[in-house]
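Q: Contents are TSV, C-alpha atoms; file name query18.tsv:
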```
chain	number	residue	atom	x	y	z
A	1	MET	CA	117.17	101.65	114.24
A	2	HIS	CA	119.33	101.58	111.15
A	3	SER	CA	122.60	103.10	110.05
A	4	GLU	CA	122.79	106.34	108.11
A	5	PHE	CA	124.11	104.46	105.09
A	6	TYR	CA	121.25	101.97	104.97
A	7	THR	CA	118.66	104.71	105.47
A	8	TYR	CA	119.85	106.81	102.54
A	9	LEU	CA	120.37	103.72	100.41
A	10	ARG	CA	116.73	102.77	100.96
A	11	LEU	CA	115.67	106.32	100.14
A	12	GLY	CA	117.57	106.09	96.84
A	13	TRP	CA	116.20	102.79	95.70
A	14	GLN	CA	112.64	103.53	96.76
A	15	HIS	CA	112.87	106.76	94.83
A	16	ILE	CA	113.84	105.00	91.62
A	17	ALA	CA	111.40	102.13	92.00
A	18	ASP	CA	108.52	104.56	92.59
A	19	TYR	CA	106.27	104.48	89.53
A	20	ARG	CA	105.39	108.13	90.13
A	21	ALA	CA	108.95	109.07	89.28
A	22	TYR	CA	108.69	107.10	86.07
A	23	ASP	CA	110.97	109.29	83.99
A	24	HIS	CA	113.97	107.34	85.32
A	25	ILE	CA	112.18	104.06	84.71
A	26	LEU	CA	111.49	105.13	81.11
A	27	PHE	CA	115.09	106.10	80.54
A	28	VAL	CA	116.42	102.80	81.86
A	29	ILE	CA	113.94	100.85	79.74
A	30	ALA	CA	114.84	102.91	76.65
A	31	LEU	CA	118.44	102.00	77.34
A	32	CYS	CA	117.59	98.28	77.60
A	33	ALA	CA	115.04	97.96	74.82
A	34	MET	CA	117.56	96.94	72.15
A	35	TYR	CA	119.18	94.14	74.07
A	36	LEU	CA	118.48	90.53	74.80
A	37	PRO	CA	118.85	89.11	78.33
A	38	SER	CA	122.01	87.35	77.16
A	39	GLU	CA	123.66	90.76	76.62
A	40	TRP	CA	123.41	91.62	80.30
A	41	ARG	CA	127.10	92.55	80.63
A	42	ARG	CA	126.69	95.34	78.10
A	43	LEU	CA	123.58	96.53	79.90
A	44	LEU	CA	125.38	96.60	83.21
A	45	ILE	CA	128.01	98.91	81.69
A	46	LEU	CA	125.37	101.20	80.15
A	47	VAL	CA	123.36	101.51	83.36
A	48	THR	CA	126.48	102.05	85.44
A	49	ALA	CA	127.62	104.80	83.04
A	50	PHE	CA	124.26	106.47	83.59
A	51	THR	CA	124.66	106.15	87.38
A	52	ILE	CA	128.18	107.59	87.31
A	53	GLY	CA	126.85	110.51	85.27
A	54	HIS	CA	124.03	111.43	87.58
A	55	SER	CA	126.02	110.75	90.76
A	56	LEU	CA	128.53	113.33	89.59
A	57	THR	CA	126.05	116.13	88.92
A	58	LEU	CA	123.97	115.26	91.98
A	59	ALA	CA	127.11	115.70	94.07
A	60	LEU	CA	128.13	118.89	92.26
A	61	SER	CA	124.77	120.55	92.76
A	62	ALA	CA	124.34	119.21	96.29
A	63	LEU	CA	127.61	120.94	97.10
A	64	ASN	CA	126.35	124.07	95.31
A	65	ILE	CA	129.11	123.97	92.70
A	66	LEU	CA	126.86	123.56	89.68
A	67	VAL	CA	123.24	124.66	89.74
A	68	LEU	CA	121.00	124.91	86.68
A	69	PRO	CA	117.40	126.16	86.59
A	70	SER	CA	115.19	123.20	87.47
A	71	LYS	CA	112.60	124.10	84.81
A	72	VAL	CA	115.19	123.58	82.07
A	73	ILE	CA	116.38	120.31	83.59
A	74	GLU	CA	112.82	119.03	83.89
A	75	PHE	CA	112.39	119.60	80.17
A	76	LEU	CA	115.75	118.12	79.21
A	77	ILE	CA	115.09	114.84	81.03
A	78	PRO	CA	112.34	113.71	78.60
A	79	VAL	CA	114.57	114.92	75.74
A	80	THR	CA	117.24	112.43	76.84
A	81	ILE	CA	114.57	109.71	76.98
A	82	LEU	CA	113.39	110.61	73.47
A	83	ILE	CA	116.88	110.53	71.96
A	84	THR	CA	117.73	107.22	73.65
A	85	ALA	CA	114.51	105.63	72.38
A	86	LEU	CA	114.94	107.03	68.85
A	87	LEU	CA	118.49	105.69	68.63
A	88	ASN	CA	117.05	102.21	69.09
A	89	TYR	CA	115.69	102.43	65.53
A	90	GLN	CA	119.18	102.87	64.19
A	91	ASN	CA	121.42	100.02	62.97
A	92	SER	CA	119.28	97.39	64.63
A	93	LYS	CA	120.46	94.87	62.02
A	94	ASN	CA	123.88	94.67	63.51
A	95	SER	CA	123.46	94.93	67.26
A	96	SER	CA	126.61	92.97	68.01
A	97	GLN	CA	128.67	96.03	67.13
A	98	ILE	CA	127.90	99.00	69.31
A	99	PRO	CA	129.45	102.36	68.44
A	100	ILE	CA	131.51	103.86	71.24
A	101	TYR	CA	129.31	106.95	71.55
A	102	LYS	CA	126.49	104.72	72.77
A	103	TYR	CA	128.45	104.22	75.97
A	104	PHE	CA	129.04	107.93	76.40
A	105	LEU	CA	125.46	109.01	75.84
A	106	PRO	CA	124.11	107.45	79.06
A	107	LEU	CA	126.97	109.10	80.93
A	108	ILE	CA	126.13	112.52	79.50
A	109	PHE	CA	122.39	111.98	79.92
A	110	GLY	CA	123.14	110.94	83.50
A	111	PHE	CA	124.53	114.44	84.09
A	112	ILE	CA	121.12	115.87	83.25
A	113	HIS	CA	119.15	113.42	85.38
A	114	GLY	CA	121.48	114.05	88.33
A	115	MET	CA	120.66	117.74	88.33
A	116	GLY	CA	116.98	116.79	88.32
A	117	PHE	CA	116.76	115.56	91.85
A	118	SER	CA	119.48	117.58	93.44
A	119	ASN	CA	117.46	120.75	93.99
A	120	TYR	CA	115.34	119.01	96.54
A	121	PHE	CA	118.02	116.83	97.95
A	122	LYS	CA	120.65	119.40	98.74
A	123	SER	CA	118.82	121.50	101.27
A	124	LEU	CA	118.10	118.33	103.22
A	125	LEU	CA	121.76	117.71	103.71
A	126	GLY	CA	122.32	121.19	105.08
A	127	LYS	CA	123.09	120.26	108.64
A	128	GLU	CA	124.41	116.79	108.02
A	129	GLU	CA	127.87	116.34	109.49
A	130	SER	CA	129.08	114.98	106.19
A	131	VAL	CA	127.33	115.32	102.86
A	132	VAL	CA	129.43	112.72	101.12
A	133	LYS	CA	128.27	109.60	102.95
A	134	PRO	CA	124.49	110.06	102.57
A	135	LEU	CA	124.99	111.10	98.94
A	136	PHE	CA	127.06	108.02	98.24
A	137	ALA	CA	124.50	105.77	99.92
A	138	PHE	CA	121.66	107.46	98.03
A	139	ASN	CA	123.43	106.82	94.72
A	140	ILE	CA	124.12	103.18	95.53
A	141	GLY	CA	120.41	102.87	96.28
A	142	ILE	CA	119.56	104.41	92.91
A	143	GLU	CA	121.89	101.94	91.15
A	144	ILE	CA	120.21	99.01	92.90
A	145	GLY	CA	116.81	100.37	91.89
A	146	GLN	CA	117.89	100.72	88.27
A	147	LEU	CA	119.32	97.22	88.13
A	148	LEU	CA	116.02	95.95	89.49
A	149	ILE	CA	114.19	97.68	86.63
A	150	VAL	CA	116.66	96.20	84.11
A	151	PHE	CA	116.10	92.75	85.60
A	152	LEU	CA	112.31	93.05	85.48
A	153	PHE	CA	112.30	94.41	81.96
A	154	MET	CA	114.64	91.66	80.77
A	155	ALA	CA	112.41	89.05	82.38
A	156	ILE	CA	109.42	90.47	80.48
A	157	THR	CA	111.47	90.57	77.26
A	158	TYR	CA	112.44	86.94	77.74
A	159	LEU	CA	108.80	86.03	78.27
A	160	PHE	CA	107.61	87.77	75.10
A	161	VAL	CA	110.46	86.62	72.87
A	162	ASN	CA	110.70	83.01	74.06
A	163	PHE	CA	107.12	82.16	74.99
A	164	PHE	CA	104.95	84.42	72.86
A	165	LYS	CA	107.45	84.09	69.99
A	166	ILE	CA	107.56	87.77	69.17
A	167	LYS	CA	110.58	88.77	67.11
A	168	HIS	CA	113.02	90.64	69.26
A	169	SER	CA	113.50	93.42	66.69
A	170	LYS	CA	109.73	93.96	66.64
A	171	TRP	CA	109.56	93.92	70.40
A	172	SER	CA	112.29	96.49	70.85
A	173	LYS	CA	110.75	98.75	68.20
A	174	LEU	CA	107.36	98.53	69.86
A	175	ILE	CA	108.76	99.36	73.31
A	176	SER	CA	110.89	102.19	71.91
A	177	GLY	CA	107.84	103.57	70.10
A	178	ILE	CA	105.80	103.67	73.29
A	179	ILE	CA	108.67	105.40	75.06
A	180	VAL	CA	108.97	107.96	72.24
A	181	LEU	CA	105.29	108.81	72.66
A	182	LEU	CA	105.59	109.11	76.44
A	183	ALA	CA	108.74	111.23	76.14
A	184	LEU	CA	106.99	113.60	73.72
A	185	TYR	CA	104.11	113.85	76.15
A	186	LEU	CA	106.49	114.65	79.03
A	187	MET	CA	108.27	117.28	76.92
A	188	TRP	CA	104.92	118.90	76.21
A	189	GLU	CA	104.09	118.84	79.93
A	190	THR	CA	107.39	120.38	80.98
A	191	LYS	CA	107.92	122.95	78.22
A	192	PHE	CA	109.23	126.02	79.98
A	193	TRP	CA	108.73	128.74	77.38
B	1	MET	CA	100.48	92.83	67.04
B	2	GLN	CA	96.93	93.97	67.64
B	3	LEU	CA	96.89	92.03	70.86
B	4	LEU	CA	100.04	93.83	71.95
B	5	PHE	CA	98.48	97.20	71.38
B	6	THR	CA	95.34	96.39	73.30
B	7	PHE	CA	97.66	95.34	76.09
B	8	PHE	CA	99.88	98.43	76.01
B	9	ILE	CA	97.41	101.21	75.49
B	10	PRO	CA	96.00	100.87	79.03
B	11	ILE	CA	99.56	100.98	80.42
B	12	VAL	CA	100.42	104.12	78.47
B	13	SER	CA	97.22	105.86	79.45
B	14	PHE	CA	97.83	104.88	83.07
B	15	PHE	CA	101.12	106.76	83.04
B	16	ILE	CA	99.70	109.76	81.23
B	17	SER	CA	96.76	110.05	83.62
B	18	ARG	CA	99.10	110.68	86.55
B	19	GLU	CA	98.79	114.35	87.33
B	20	THR	CA	102.53	115.01	87.32
B	21	TYR	CA	105.59	112.97	86.65
B	22	LEU	CA	108.08	115.30	88.25
B	23	HIS	CA	110.13	113.41	90.70
B	24	ASP	CA	110.34	115.73	93.64
B	25	ILE	CA	111.74	113.91	96.58
B	26	HIS	CA	109.26	114.19	99.43
B	27	VAL	CA	111.50	114.01	102.46
B	28	SER	CA	111.71	115.77	105.81
B	29	LYS	CA	114.35	115.33	108.41
B	30	CYS	CA	114.01	115.18	112.18
B	31	GLU	CA	116.89	115.10	114.63
B	32	ILE	CA	116.18	113.90	118.15
B	33	GLN	CA	118.82	114.28	120.80
B	34	PHE	CA	118.44	113.30	124.45
B	35	ASN	CA	119.96	115.89	126.76
B	36	GLU	CA	120.88	114.01	129.91
B	37	ASP	CA	121.50	117.11	132.06
B	38	SER	CA	118.03	118.57	131.54
B	39	SER	CA	116.43	115.18	130.86
B	40	THR	CA	114.74	116.45	127.71
B	41	PHE	CA	114.50	115.31	124.13
B	42	GLU	CA	115.60	118.17	121.89
B	43	ILE	CA	113.99	118.06	118.46
B	44	ALA	CA	115.11	119.86	115.34
B	45	THR	CA	113.05	119.10	112.26
B	46	GLN	CA	113.60	120.41	108.76
B	47	ILE	CA	110.55	120.71	106.50
B	48	TYR	CA	110.15	122.28	103.04
B	49	ILE	CA	108.25	125.52	103.53
B	50	ASP	CA	105.89	125.28	100.55
B	51	ASP	CA	104.95	121.68	101.41
B	52	LEU	CA	104.44	122.63	105.05
B	53	GLN	CA	102.11	125.49	104.13
B	54	LYS	CA	100.10	123.21	101.83
B	55	SER	CA	99.78	120.65	104.61
B	56	LEU	CA	98.77	123.34	107.13
B	57	LEU	CA	96.07	124.65	104.78
B	58	GLY	CA	94.80	121.14	104.21
B	59	GLN	CA	94.45	120.66	107.96
B	60	GLY	CA	92.32	123.80	108.29
B	61	PHE	CA	95.02	126.26	109.37
B	62	PRO	CA	95.13	129.75	107.83
B	63	GLU	CA	97.80	130.87	105.34
B	64	LEU	CA	100.79	131.60	107.60
B	65	HIS	CA	103.28	133.07	105.08
B	66	LEU	CA	106.03	131.36	107.07
B	67	CYS	CA	109.48	132.97	107.09
B	68	SER	CA	108.39	135.96	105.01
B	69	ASP	CA	107.70	139.56	106.00
B	70	ARG	CA	103.99	138.81	105.71
B	71	GLU	CA	104.15	136.07	108.35
B	72	LEU	CA	101.09	136.01	110.67
B	73	LYS	CA	101.68	137.28	114.19
B	74	ASN	CA	100.58	134.02	115.77
B	75	ALA	CA	102.14	131.79	113.09
B	76	ASP	CA	104.28	130.12	115.74
B	77	ASP	CA	101.19	129.10	117.74
B	78	TYR	CA	99.63	127.51	114.69
B	79	LEU	CA	102.90	125.84	113.74
B	80	PHE	CA	103.31	124.43	117.26
B	81	ASN	CA	99.73	123.17	117.19
B	82	TYR	CA	100.42	121.41	113.88
B	83	LEU	CA	103.76	119.94	114.95
B	84	SER	CA	102.44	118.66	118.27
B	85	GLN	CA	99.83	116.68	116.35
B	86	LYS	CA	102.33	115.29	113.88
B	87	ILE	CA	105.38	114.58	116.02
B	88	ARG	CA	104.84	112.50	119.14
B	89	LEU	CA	107.27	110.91	121.56
B	90	THR	CA	106.24	108.18	123.97
B	91	VAL	CA	108.55	106.90	126.66
B	92	ASP	CA	107.74	103.55	128.32
B	93	GLY	CA	104.13	103.89	127.20
B	94	LYS	CA	103.74	107.43	128.54
B	95	SER	CA	103.13	110.20	126.01
B	96	LEU	CA	105.43	113.22	126.48
B	97	THR	CA	104.28	116.85	126.29
B	98	PRO	CA	106.01	119.06	123.72
B	99	LYS	CA	107.25	122.58	124.26
B	100	TYR	CA	107.84	124.99	121.38
B	101	ILE	CA	111.31	126.50	121.20
B	102	GLY	CA	111.33	128.31	117.86
B	103	LYS	CA	112.00	128.12	114.15
B	104	GLU	CA	114.45	129.46	111.58
B	105	PRO	CA	114.59	129.29	107.79
B	106	SER	CA	117.38	127.32	106.10
B	107	ASP	CA	120.04	129.35	104.30
B	108	ASP	CA	118.26	129.08	100.95
B	109	PHE	CA	114.78	129.75	102.44
B	110	ILE	CA	113.48	126.54	100.87
B	111	ALA	CA	113.04	124.81	104.21
B	112	VAL	CA	112.38	125.75	107.80
B	113	TRP	CA	113.98	124.29	110.91
B	114	CYS	CA	111.52	123.89	113.80
B	115	TYR	CA	112.69	123.27	117.34
B	116	LEU	CA	110.75	121.43	120.04
B	117	GLU	CA	111.52	119.99	123.45
B	118	PHE	CA	109.92	117.11	125.32
B	119	SER	CA	110.68	116.61	129.03
B	120	SER	CA	111.18	113.01	129.88
B	121	PRO	CA	111.99	110.69	132.79
B	122	LYS	CA	115.72	110.42	133.16
B	123	SER	CA	115.90	106.72	132.47
B	124	PHE	CA	113.69	104.68	130.17
B	125	LYS	CA	113.60	101.34	128.44
B	126	GLU	CA	111.87	102.25	125.22
B	127	LEU	CA	111.16	105.28	123.10
B	128	LYS	CA	108.38	105.40	120.53
B	129	VAL	CA	108.75	108.06	117.84
B	130	LYS	CA	105.92	109.11	115.57
B	131	ASP	CA	106.59	111.61	112.79
B	132	GLU	CA	103.80	112.00	110.25
B	133	VAL	CA	104.70	115.47	109.08
B	134	LEU	CA	103.39	116.07	105.50
B	135	MET	CA	102.10	112.50	105.20
B	136	ASP	CA	98.58	113.86	104.68
B	137	LEU	CA	99.92	115.67	101.61
B	138	TYR	CA	101.98	113.02	99.79
B	139	ASP	CA	101.61	109.29	100.05
B	140	ASP	CA	105.29	108.91	99.16
B	141	GLN	CA	106.41	111.25	101.94
B	142	ARG	CA	109.50	109.92	103.77
B	143	ASN	CA	110.57	111.28	107.13
B	144	ILE	CA	114.10	110.52	108.20
B	145	VAL	CA	114.51	110.50	111.97
B	146	ASN	CA	117.98	110.64	113.43
B	147	ILE	CA	118.06	109.66	117.12
B	148	LYS	CA	120.92	110.23	119.54
B	149	VAL	CA	120.43	108.90	123.06
B	150	LYS	CA	123.54	108.67	125.22
B	151	ASP	CA	126.04	106.89	122.99
B	152	GLN	CA	123.46	105.18	120.85
B	153	LYS	CA	122.87	106.70	117.44
B	154	GLY	CA	120.65	105.56	114.62
B	155	TYR	CA	118.16	106.37	111.92
B	156	LEU	CA	114.50	105.60	111.29
B	157	LEU	CA	112.80	105.89	107.92
B	158	LEU	CA	109.12	106.64	108.49
B	159	TYR	CA	106.37	106.68	105.83
B	160	SER	CA	102.59	106.64	105.80
B	161	LYS	CA	102.23	102.88	106.32
B	162	HIS	CA	104.93	102.90	108.97
B	163	ASN	CA	104.71	106.28	110.67
B	164	GLU	CA	106.07	105.27	114.07
B	165	GLU	CA	108.75	103.02	115.42
B	166	THR	CA	109.84	101.92	118.89
B	167	VAL	CA	113.48	101.87	119.91
B	168	LYS	CA	114.58	99.80	122.92
B	169	TYR	CA	117.36	100.87	125.26
```
What would you get if you wrote out this structure as structure tokens?
A:
Amino acid sequence: MHSEFYTYLRLGWQHIADYRAYDHILFVIALCAMYLPSEWRRLLILVTAFTIGHSLTLALSALNILVLPSKVIEFLIPVTILITALLNYQNSKNSSQIPIYKYFLPLIFGFIHGMGFSNYFKSLLGKEESVVKPLFAFNIGIEIGQLLIVFLFMAITYLFVNFFKIKHSKWSKLISGIIVLLALYLMWETKFW
Amino acid sequence: MQLLFTFFIPIVSFFISRETYLHDIHVSKCEIQFNEDSSTFEIATQIYIDDLQKSLLGQGFPELHLCSDRELKNADDYLFNYLSQKIRLTVDGKSLTPKYIGKEPSDDFIAVWCYLEFSSPKSFKELKVKDEVLMDLYDDQRNIVNIKVKDQKGYLLLYSKHNEETVKY
């Protein structure tokens, strides 16, 4: 038997690492695509901003404070992926300087992703003695899952840039392009009108 | 560059071929409490209604219209039949017989709480819990089992490749 914390943590990280829920994976990769493994500190901040964002709205909707129609959220999630990937084509010449809004975008986009899984999650917590602890554990699990994706993607980037000698700017444009296509496809699939 | 594309196109088409990307969380919850006075395991399990009905249909049960005004008269019999196949308790190697207590919808009518009881010997050394509710429907189904026996509390996370676990006392 395990503790409540560990159980919900595992649920969170398995949920993120599941390729069937690949919208989160796409978002995290879109966020990473511009950076080199050596810029890992910046990535850690970006991914954590995203986690803080979705933890907040997941909590708010789990507690029934903020509830938006899930059909709208399901459409907005690929929109956030699209914007993040498109922004990778901007000012790629000077990646050492990152505009401040780039740190806020993952936070705001996190709000949208958080509302995505809360509809299902909240009714499960109905009779739990405390909602806060499983929610917290679930979010920590999600963060671990995301960092794992960052790590794997950075390892692949390293491989392509250092061994196959592909220019990093080309690599990040190629990855972002694939993500743009997938995001457009997901938007088409989830259009609610 | 060409090589890259021949490498990536299969990956992209793999993602697109998945029937749906939507990340519903497939989870049910089961609370097991041992009542020492009556020497029974009291089970309360929460399952999403629409998933449950899909699973029931897939197992050859009729459409039950659970928790609606169209609910079948003998819906509880069918539900008990289903649950007794999916949730099993074994104590020291001996399989326990379930008894149906009832059901009630959750406040938002998204899920249903089902109540079962299993009579058990008063003392035991190990308890095996199997909960494969909805696992026929989704291969990423996760069932969280919360067990309270005397002062020992803990959780199990069951999934299709690991649908039962034994707890020692």
Q: Just to confirm, what's the straight-line distance from CA of Leu82 in chain A to CA of Val28 in chain A in Å (one decimal)?
A: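 Taking CA of Leu82 in chain A as the start and CA of Val28 in chain A as the end point, the length is 11.9 Å.
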Q: Mind listing as a short mmCIF file (atom, residue, chain, number, x, y, z; two decimals) with C-alpha atoms, in the frame of the given file all residues within 10 Å of (114.2, 130.0, 108.9), counting only C-alpha atoms?
A:
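Okay, this is what ended up in selection32.cif:
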```cif
data_model
loop_
_atom_site.label_atom_id
_atom_site.label_comp_id
_atom_site.auth_asym_id
_atom_site.auth_seq_id
_atom_site.Cartn_x
_atom_site.Cartn_y
_atom_site.Cartn_z
CA GLN B 46 113.60 120.41 108.76
CA ILE B 49 108.25 125.52 103.53
CA LEU B 66 106.03 131.36 107.07
CA CYS B 67 109.48 132.97 107.09
CA SER B 68 108.39 135.96 105.01
CA GLY B 102 111.33 128.31 117.86
CA LYS B 103 112.00 128.12 114.15
CA GLU B 104 114.45 129.46 111.58
CA PRO B 105 114.59 129.29 107.79
CA SER B 106 117.38 127.32 106.10
CA ASP B 107 120.04 129.35 104.30
CA ASP B 108 118.26 129.08 100.95
CA PHE B 109 114.78 129.75 102.44
CA ILE B 110 113.48 126.54 100.87
CA ALA B 111 113.04 124.81 104.21
CA VAL B 112 112.38 125.75 107.80
CA TRP B 113 113.98 124.29 110.91
CA CYS B 114 111.52 123.89 113.80
#
```
Q: Counting all atoms listed in the file, what is within 9 Å of range 184-186 of chain A, bar same-chain residues fewer than 2 positions away, as a VMD selection string?
A: (chain A and resid 23 75 77 to 79 82 179 to 182 188 to 191) or (chain B and resid 16 21)
Q: Expressed in Å to a single decimal, how great is the separation between CA of Asp136 in chain B and CA of Gly58 in chain B?
A: 8.2 Å
Q: From the options A:Ser38, A:Thr57, A:Gln14, A:Ser3, which residue's atoms come nearest to Leu148 in chain A, counting all atoms listed in the file?
A: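 Among the listed residues, the smallest separation from Leu148 in chain A belongs to A:Gln14.
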Q: When you count only C-alpha atoms, which of these residues is closest to Lys128 in chain B: B:Arg88, B:Lys161, B:Lys150, B:Arg142?
A: B:Arg88
Q: I need the residue nearest Gly116 in chain A from this list: A:Ser70, A:Thr51, A:Ser176, A:Asn139. Use all atoms listed in the file for the distance.
A: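 That would be A:Ser70, the residue with the smallest distance to Gly116 in chain A.
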Q: If we count only C-alpha atoms, what is near Tyr103 in chain A at a cut-off of 12 Å, once residues fewer than 5 positions away on the same chain are taken out, given as a list of chain:residue names?
A: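 Non-adjacent residues within range: A:Leu31, A:Arg42, A:Leu43, A:Leu44, A:Ile45, A:Leu46, A:Val47, A:Thr48, A:Ala49, A:Phe50, A:Ile52, A:Gly53, A:Thr84, A:Ile98, A:Ile108, A:Phe109, A:Gly110.
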Q: In Å, how far is it from CA of Asn146 in chain B to CA of Phe5 in chain A?
A: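 Distance between the two atoms: 12.1 Å.
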Q: May I ask which of the residues B:Gln141, B:Ser160, B:Ser55, B:Ser38 is the closest one to chain A, counting only C-alpha atoms?
A: B:Gln141
Q: Find the spatial neighbours of Gln90 in chain A, counting all atoms listed in the file, within a cut-off of 12 Å - ignore same-chain residues fewer than 3 positions away - and output them as a PyMOL selection string.
A: chain A and resi 34+83-87+93-95+98-99+102+169+172-173+176
Q: Please determine, counting all atoms listed in the file, which residue among B:Phe124, B:Tyr48, B:Thr40, B:Tyr82 has the shortest atom-to-atom distance to Thr97 in chain B.
A: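 Smallest separation from Thr97 in chain B among the options: B:Thr40.
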Q: Got a sec: who's within 10 Å of Gln152 in chain B, counting all atoms listed in the file, leaving out chain neighbours fewer than 3 positions off, as a tab-separated table (two decimals) with C-alpha atoms, keeping the file's coordinate frame?
A:
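File produced: part.tsv:
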```tsv
chain	number	residue	atom	x	y	z
A	1	MET	CA	117.17	101.65	114.24
B	147	ILE	CA	118.06	109.66	117.12
B	148	LYS	CA	120.92	110.23	119.54
B	149	VAL	CA	120.43	108.90	123.06
B	169	TYR	CA	117.36	100.87	125.26
```
